[in-house]
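Colleague: Please find start.pdb (PDB, C-alpha atoms, pLDDT in the B column) on the next line:
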ATOM      1  CA  MET O   1     -22.636  67.072  26.987  1.00 61.00           C
ATOM      2  CA  ALA O   2     -23.591  70.635  27.820  1.00 78.00           C
ATOM      3  CA  GLN O   3     -27.031  71.773  28.844  1.00 85.00           C
ATOM      4  CA  VAL O   4     -28.877  73.696  26.146  1.00 85.00           C
ATOM      5  CA  GLU O   5     -31.453  76.320  27.113  1.00 87.00           C
ATOM      6  CA  ALA O   6     -34.025  78.293  25.134  1.00 89.00           C
ATOM      7  CA  THR O   7     -36.153  81.007  26.761  1.00 94.00           C
ATOM      8  CA  THR O   8     -38.953  83.123  25.288  1.00 95.00           C
ATOM      9  CA  GLU O   9     -41.273  85.565  27.023  1.00 96.00           C
ATOM     10  CA  ARG O  10     -44.236  87.778  26.270  1.00 97.00           C
ATOM     11  CA  ILE O  11     -46.564  90.193  28.042  1.00 97.00           C
ATOM     12  CA  VAL O  12     -50.197  89.162  27.486  1.00 97.00           C
ATOM     13  CA  ALA O  13     -53.190  91.464  27.990  1.00 97.00           C
ATOM     14  CA  ALA O  14     -55.103  89.069  30.260  1.00 97.00           C
ATOM     15  CA  ASP O  15     -54.885  88.273  33.966  1.00 96.00           C
ATOM     16  CA  ALA O  16     -52.448  85.590  35.123  1.00 97.00           C
ATOM     17  CA  GLU O  17     -55.145  83.115  36.178  1.00 97.00           C
ATOM     18  CA  THR O  18     -56.829  83.209  32.752  1.00 97.00           C
ATOM     19  CA  VAL O  19     -53.491  82.763  30.961  1.00 98.00           C
ATOM     20  CA  PHE O  20     -52.367  79.922  33.233  1.00 98.00           C
ATOM     21  CA  ASP O  21     -55.711  78.128  32.890  1.00 97.00           C
ATOM     22  CA  ALA O  22     -55.434  78.309  29.085  1.00 98.00           C
ATOM     23  CA  LEU O  23     -51.903  76.844  29.130  1.00 98.00           C
ATOM     24  CA  ALA O  24     -52.902  74.104  31.596  1.00 98.00           C
ATOM     25  CA  ASP O  25     -55.942  73.088  29.501  1.00 98.00           C
ATOM     26  CA  TYR O  26     -54.235  70.303  27.541  1.00 98.00           C
ATOM     27  CA  SER O  27     -57.546  68.697  26.557  1.00 97.00           C
ATOM     28  CA  GLY O  28     -58.893  71.906  25.010  1.00 96.00           C
ATOM     29  CA  THR O  29     -57.056  75.199  24.570  1.00 97.00           C
ATOM     30  CA  ARG O  30     -53.477  73.891  24.352  1.00 96.00           C
ATOM     31  CA  ALA O  31     -54.023  72.066  21.055  1.00 95.00           C
ATOM     32  CA  LYS O  32     -55.231  75.347  19.475  1.00 96.00           C
ATOM     33  CA  LEU O  33     -52.002  77.097  20.477  1.00 97.00           C
ATOM     34  CA  LEU O  34     -49.597  74.705  18.763  1.00 96.00           C
ATOM     35  CA  PRO O  35     -47.875  75.951  15.604  1.00 95.00           C
ATOM     36  CA  GLU O  36     -47.214  73.740  12.570  1.00 95.00           C
ATOM     37  CA  GLN O  37     -44.041  72.216  14.061  1.00 94.00           C
ATOM     38  CA  PHE O  38     -46.208  70.090  16.402  1.00 96.00           C
ATOM     39  CA  SER O  39     -48.011  66.969  15.184  1.00 96.00           C
ATOM     40  CA  GLU O  40     -49.693  63.834  16.546  1.00 97.00           C
ATOM     41  CA  TYR O  41     -50.944  65.740  19.620  1.00 97.00           C
ATOM     42  CA  GLU O  42     -52.733  63.438  22.048  1.00 98.00           C
ATOM     43  CA  VAL O  43     -53.698  63.705  25.730  1.00 98.00           C
ATOM     44  CA  ARG O  44     -53.141  60.236  27.216  1.00 98.00           C
ATOM     45  CA  GLU O  45     -54.006  60.915  30.874  1.00 98.00           C
ATOM     46  CA  GLY O  46     -55.659  63.799  32.697  1.00 97.00           C
ATOM     47  CA  GLY O  47     -55.922  66.888  30.549  1.00 97.00           C
ATOM     48  CA  ASP O  48     -55.868  69.773  33.024  1.00 97.00           C
ATOM     49  CA  GLY O  49     -52.488  70.676  34.495  1.00 97.00           C
ATOM     50  CA  GLU O  50     -50.908  68.475  37.185  1.00 97.00           C
ATOM     51  CA  GLY O  51     -51.032  64.761  36.348  1.00 98.00           C
ATOM     52  CA  THR O  52     -51.537  65.222  32.618  1.00 98.00           C
ATOM     53  CA  LEU O  53     -49.623  62.935  30.260  1.00 98.00           C
ATOM     54  CA  VAL O  54     -49.500  64.363  26.743  1.00 98.00           C
ATOM     55  CA  HIS O  55     -47.808  63.202  23.537  1.00 98.00           C
ATOM     56  CA  TRP O  56     -46.689  65.129  20.482  1.00 97.00           C
ATOM     57  CA  LYS O  57     -44.011  65.183  17.849  1.00 96.00           C
ATOM     58  CA  LEU O  58     -41.971  68.357  17.550  1.00 93.00           C
ATOM     59  CA  GLN O  59     -40.262  69.004  14.232  1.00 91.00           C
ATOM     60  CA  ALA O  60     -37.596  71.495  15.242  1.00 78.00           C
ATOM     61  CA  THR O  61     -35.826  71.386  11.852  1.00 75.00           C
ATOM     62  CA  SER O  62     -36.451  69.692   8.514  1.00 75.00           C
ATOM     63  CA  LYS O  63     -34.387  66.701   9.700  1.00 79.00           C
ATOM     64  CA  ARG O  64     -34.928  66.708  13.491  1.00 80.00           C
ATOM     65  CA  VAL O  65     -38.188  65.356  14.929  1.00 89.00           C
ATOM     66  CA  ARG O  66     -38.553  64.719  18.660  1.00 89.00           C
ATOM     67  CA  ASP O  67     -41.146  62.175  19.805  1.00 95.00           C
ATOM     68  CA  CYS O  68     -42.240  63.673  23.146  1.00 96.00           C
ATOM     69  CA  LEU O  69     -44.223  62.047  25.950  1.00 98.00           C
ATOM     70  CA  LEU O  70     -44.585  64.688  28.633  1.00 97.00           C
ATOM     71  CA  GLU O  71     -45.567  64.417  32.272  1.00 98.00           C
ATOM     72  CA  VAL O  72     -47.045  67.666  33.572  1.00 98.00           C
ATOM     73  CA  SER O  73     -46.567  68.948  37.109  1.00 98.00           C
ATOM     74  CA  GLU O  74     -47.363  72.207  38.907  1.00 98.00           C
ATOM     75  CA  PRO O  75     -44.557  72.646  41.457  1.00 97.00           C
ATOM     76  CA  THR O  76     -45.630  76.205  42.407  1.00 96.00           C
ATOM     77  CA  ASP O  77     -48.529  78.545  41.682  1.00 95.00           C
ATOM     78  CA  GLY O  78     -48.382  79.836  38.119  1.00 97.00           C
ATOM     79  CA  GLU O  79     -45.863  77.223  37.002  1.00 98.00           C
ATOM     80  CA  LEU O  80     -46.309  74.246  34.659  1.00 98.00           C
ATOM     81  CA  VAL O  81     -43.415  71.829  34.141  1.00 98.00           C
ATOM     82  CA  GLU O  82     -43.436  69.371  31.224  1.00 98.00           C
ATOM     83  CA  LYS O  83     -40.845  66.575  31.586  1.00 98.00           C
ATOM     84  CA  ASP O  84     -40.251  64.409  28.540  1.00 97.00           C
ATOM     85  CA  ARG O  85     -40.102  60.675  29.336  1.00 97.00           C
ATOM     86  CA  ASN O  86     -38.222  60.085  26.058  1.00 94.00           C
ATOM     87  CA  SER O  87     -35.344  62.535  26.603  1.00 92.00           C
ATOM     88  CA  SER O  88     -33.750  64.987  29.023  1.00 93.00           C
ATOM     89  CA  MET O  89     -35.988  67.819  27.759  1.00 92.00           C
ATOM     90  CA  VAL O  90     -37.855  69.857  30.392  1.00 96.00           C
ATOM     91  CA  THR O  91     -40.091  72.821  29.540  1.00 97.00           C
ATOM     92  CA  THR O  92     -41.208  75.221  32.263  1.00 98.00           C
ATOM     93  CA  TRP O  93     -44.030  77.724  31.774  1.00 98.00           C
ATOM     94  CA  ARG O  94     -44.204  80.568  34.338  1.00 98.00           C
ATOM     95  CA  VAL O  95     -47.150  82.962  34.392  1.00 98.00           C
ATOM     96  CA  THR O  96     -46.918  85.994  36.683  1.00 98.00           C
ATOM     97  CA  PRO O  97     -48.962  89.203  37.010  1.00 97.00           C
ATOM     98  CA  ALA O  98     -47.502  92.147  35.054  1.00 97.00           C
ATOM     99  CA  GLY O  99     -49.784  95.006  36.053  1.00 94.00           C
ATOM    100  CA  GLU O 100     -53.536  95.289  35.979  1.00 93.00           C
ATOM    101  CA  GLY O 101     -55.085  92.811  33.562  1.00 94.00           C
ATOM    102  CA  ARG O 102     -51.689  91.785  32.185  1.00 97.00           C
ATOM    103  CA  SER O 103     -49.404  88.788  32.601  1.00 98.00           C
ATOM    104  CA  ARG O 104     -45.827  87.868  31.834  1.00 98.00           C
ATOM    105  CA  VAL O 105     -45.417  84.411  30.331  1.00 98.00           C
ATOM    106  CA  VAL O 106     -41.912  82.942  30.319  1.00 98.00           C
ATOM    107  CA  VAL O 107     -41.240  79.567  28.685  1.00 97.00           C
ATOM    108  CA  THR O 108     -37.853  77.904  29.208  1.00 96.00           C
ATOM    109  CA  THR O 109     -36.770  74.592  27.700  1.00 92.00           C
ATOM    110  CA  THR O 110     -33.577  72.807  28.738  1.00 91.00           C
ATOM    111  CA  TRP O 111     -32.001  69.539  27.648  1.00 88.00           C
ATOM    112  CA  ALA O 112     -28.654  67.757  27.645  1.00 84.00           C
ATOM    113  CA  GLY O 113     -27.070  68.680  24.339  1.00 76.00           C
ATOM    114  CA  ALA O 114     -24.776  66.624  22.158  1.00 73.00           C
ATOM    115  CA  GLY O 115     -21.003  66.769  22.461  1.00 75.00           C
ATOM    116  CA  GLY O 116     -18.427  67.716  19.844  1.00 77.00           C
ATOM    117  CA  ILE O 117     -19.066  69.822  16.766  1.00 72.00           C
ATOM    118  CA  GLY O 118     -22.718  68.702  16.587  1.00 70.00           C
ATOM    119  CA  GLY O 119     -23.179  69.946  20.130  1.00 71.00           C
ATOM    120  CA  PHE O 120     -21.643  73.303  19.220  1.00 70.00           C
ATOM    121  CA  PHE O 121     -24.167  73.766  16.411  1.00 71.00           C
ATOM    122  CA  GLU O 122     -27.009  72.571  18.652  1.00 70.00           C
ATOM    123  CA  ARG O 123     -26.108  75.075  21.405  1.00 70.00           C
ATOM    124  CA  THR O 124     -25.736  77.825  18.803  1.00 69.00           C
ATOM    125  CA  PHE O 125     -28.847  77.314  16.674  1.00 71.00           C
ATOM    126  CA  ALA O 126     -31.408  75.220  18.576  1.00 75.00           C
ATOM    127  CA  PRO O 127     -32.320  77.949  21.098  1.00 73.00           C
ATOM    128  CA  LYS O 128     -33.086  80.385  18.273  1.00 82.00           C
ATOM    129  CA  GLY O 129     -35.247  77.855  16.421  1.00 82.00           C
ATOM    130  CA  LEU O 130     -37.098  76.812  19.536  1.00 86.00           C
ATOM    131  CA  GLY O 131     -37.514  80.480  20.448  1.00 88.00           C
ATOM    132  CA  ARG O 132     -39.303  81.081  17.136  1.00 91.00           C
ATOM    133  CA  ILE O 133     -41.579  78.082  17.741  1.00 93.00           C
ATOM    134  CA  TYR O 134     -42.520  79.249  21.250  1.00 94.00           C
ATOM    135  CA  ASP O 135     -42.925  82.854  20.075  1.00 95.00           C
ATOM    136  CA  ALA O 136     -45.538  81.617  17.571  1.00 96.00           C
ATOM    137  CA  MET O 137     -47.227  79.691  20.373  1.00 96.00           C
ATOM    138  CA  LEU O 138     -47.273  82.751  22.659  1.00 97.00           C
ATOM    139  CA  THR O 139     -48.781  84.806  19.822  1.00 97.00           C
ATOM    140  CA  LYS O 140     -51.603  82.267  19.535  1.00 97.00           C
ATOM    141  CA  LEU O 141     -51.990  82.226  23.332  1.00 97.00           C
ATOM    142  CA  ALA O 142     -52.346  86.021  23.403  1.00 97.00           C
ATOM    143  CA  ALA O 143     -54.945  85.899  20.606  1.00 97.00           C
ATOM    144  CA  GLU O 144     -56.889  83.219  22.521  1.00 96.00           C
ATOM    145  CA  VAL O 145     -56.992  84.914  25.939  1.00 97.00           C
ATOM    146  CA  GLU O 146     -57.252  88.548  24.806  1.00 93.00           C
ATOM    147  CA  LYS O 147     -60.607  87.927  23.048  1.00 77.00           C
TER     148      LYS O 147
END
Written as structure tokens, that's how I'd like the structure from this file.

Modeller:
Amino acid sequence: MAQVEATTERIVAADAETVFDALADYSGTRAKLLPEQFSEYEVREGGDGEGTLVHWKLQATSKRVRDCLLEVSEPTDGELVEKDRNSSMVTTWRVTPAGEGRSRVVVTTTWAGAGGIGGFFERTFAPKGLGRIYDAMLTKLAAEVEK
């Protein structure tokens, strides 16, 4: 099994603290940012950054639905890490200043991919599909914080 990685980034016209706070607000803002591929969103513990436990289903393709139960941590300033209890998937959100009143948001998701021919297709196509999903999410994030 090879590790699969998908990374997406965007410059947002809002300061890093505002952007990070919006991403870490699982009980409020985060639900508004999710595109149609997410369903059954539910905060089960916490709701603001570190210590949050959140559930959702992610429909990456017409046939592939991941049931995700994510533990949220904040290992460093400006960083949110979502570890899925149901799989090897880990998503890291990094928010850093990018000039006055601007931020760079980088989202990276990694997981242990399948082996064989299925793994080849997963490594080839999954990062692009997940990139599109997170790009839609970052577009909604920008619209939310740039108001």

Colleague: For the provided coordinates, the residues matched by the PyMOL selection byres ((chain O and resi 74) around 10) should be stated as a list in words.

Modeller: Ala24, Gly49, Glu50, Gly51, Val72, Ser73, Pro75, Thr76, Asp77, Gly78, Glu79, Leu80, Val81, Glu82, Thr92 and Trp93 of chain O

Colleague: I need the residue set behind the PyMOL selection byres ((chain O and resi 15) around 8) for this file; please write it as a compact mmCIF listing (two decimals) with C-alpha atoms, in the frame of the given file.

Modeller:
# COMPACT_ATOMS: atom_id res chain seq x y z
CA ALA O 13 -53.19 91.46 27.99
CA ALA O 14 -55.10 89.07 30.26
CA ALA O 16 -52.45 85.59 35.12
CA GLU O 17 -55.14 83.12 36.18
CA THR O 18 -56.83 83.21 32.75
CA VAL O 19 -53.49 82.76 30.96
CA PRO O 97 -48.96 89.20 37.01
CA GLU O 100 -53.54 95.29 35.98
CA GLY O 101 -55.08 92.81 33.56
CA ARG O 102 -51.69 91.78 32.18
CA SER O 103 -49.40 88.79 32.60

Colleague: Find the residues of range 74-145 of chain O that sit at most 10 Å from range 63-66 of chain O; for each, write down the nearest two atoms and how far apart they are in Å, to one decimal. Count only C-alpha atoms. Sort by chain, then by number going up, and give it as a Markdown table.

Modeller:
| residue | atom | partner | partner_atom | distance |
| --- | --- | --- | --- | --- |
| O:Asn86 | CA | O:Arg66 | CA | 8.7 |
| O:Ser87 | CA | O:Arg66 | CA | 8.8 |
| O:Met89 | CA | O:Arg66 | CA | 9.9 |

Colleague: Could you expand the PyMOL selection byres ((chain O and resi 129) around 12) into the explicit residues it covers here, written as JSON, numbers by chain?

Modeller: {"O": [5, 6, 7, 8, 37, 58, 59, 60, 61, 62, 64, 109, 121, 122, 123, 124, 125, 126, 127, 128, 130, 131, 132, 133, 134, 135, 136]}

Colleague: Which residue out of O:Leu53, O:Met137, O:Ile11, O:Ala112 has the minimum interatomic distance to Tyr26 in chain O when all atoms listed in the file are used?

Modeller: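 Distance minimum relative to Tyr26 in chain O lands on O:Leu53.
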
Colleague: Would you list the contacts of Arg44 in chain O as a list in words, taking every protein, DNA or RNA residue within 10 Å and counting only C-alpha atoms, but skipping same-chain residues closer than 4 positions in sequence?

Modeller: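 The neighbour list is Ser27, Thr52, Leu53, Val54, His55, Leu69 and Leu70 of chain O.
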
Colleague: Export, as a JSON list (two decimals), keeping the file's coordinate frame, the selected residues with C-alpha atoms.

Modeller:
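Just written: part.json:
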[["chain", "number", "residue", "atom", "x", "y", "z"],
["O", 27, "SER", "CA", -57.55, 68.70, 26.56],
["O", 52, "THR", "CA", -51.54, 65.22, 32.62],
["O", 53, "LEU", "CA", -49.62, 62.94, 30.26],
["O", 54, "VAL", "CA", -49.50, 64.36, 26.74],
["O", 55, "HIS", "CA", -47.81, 63.20, 23.54],
["O", 69, "LEU", "CA", -44.22, 62.05, 25.95],
["O", 70, "LEU", "CA", -44.58, 64.69, 28.63]]

Colleague: Put a box with edges along x, y and z around all the listed atoms of range 59-66 of chain O, pad it by 4 Å on each side, then give me its centre and sizes in Å, one decimal, as AutoDock Vina command-line options.

Modeller:
--center_x -37.3 --center_y 68.1 --center_z 13.6 --size_x 13.9 --size_y 14.8 --size_z 18.1

Colleague: What does the distance between CA of Val4 in chain O and CA of Leu141 in chain O come to in Å, to one decimal place?

Modeller: 24.8 Å

Colleague: My list of candidates is O:Gly118, O:Gly28, O:Pro35, O:Gly99. Which is closest to Lys57 in chain O when distances are computed with all atoms listed in the file?

Modeller: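 Nearest candidate to Lys57 in chain O out of O:Gly118, O:Gly28, O:Pro35, O:Gly99: O:Pro35.
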
Colleague: Here is a test: counting all atoms listed in the file, which residue of O:Arg104, O:Lys140, O:Arg94, O:Lys83 is nearest to Glu36 in chain O?

Modeller: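 Among O:Arg104, O:Lys140, O:Arg94, O:Lys83, it is O:Lys140 that comes nearest to Glu36 in chain O.
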
Colleague: Using all atoms listed in the file, which residue out of O:Ser88, O:Thr110, O:Ala143, O:Asp48 lies closest to Phe20 in chain O?

Modeller: O:Asp48

Colleague: Could you state the separation of CA of Asp84 in chain O and CA of Leu33 in chain O in Å, given to one decimal place?

Modeller: 19.1 Å

Colleague: With only C-alpha atoms as the atoms that count, which of O:Val95, O:Cys68, O:Glu9, O:Trp56 lies nearest to Arg30 in chain O?

Modeller: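 Under the stated criterion, the closest residue is O:Trp56.
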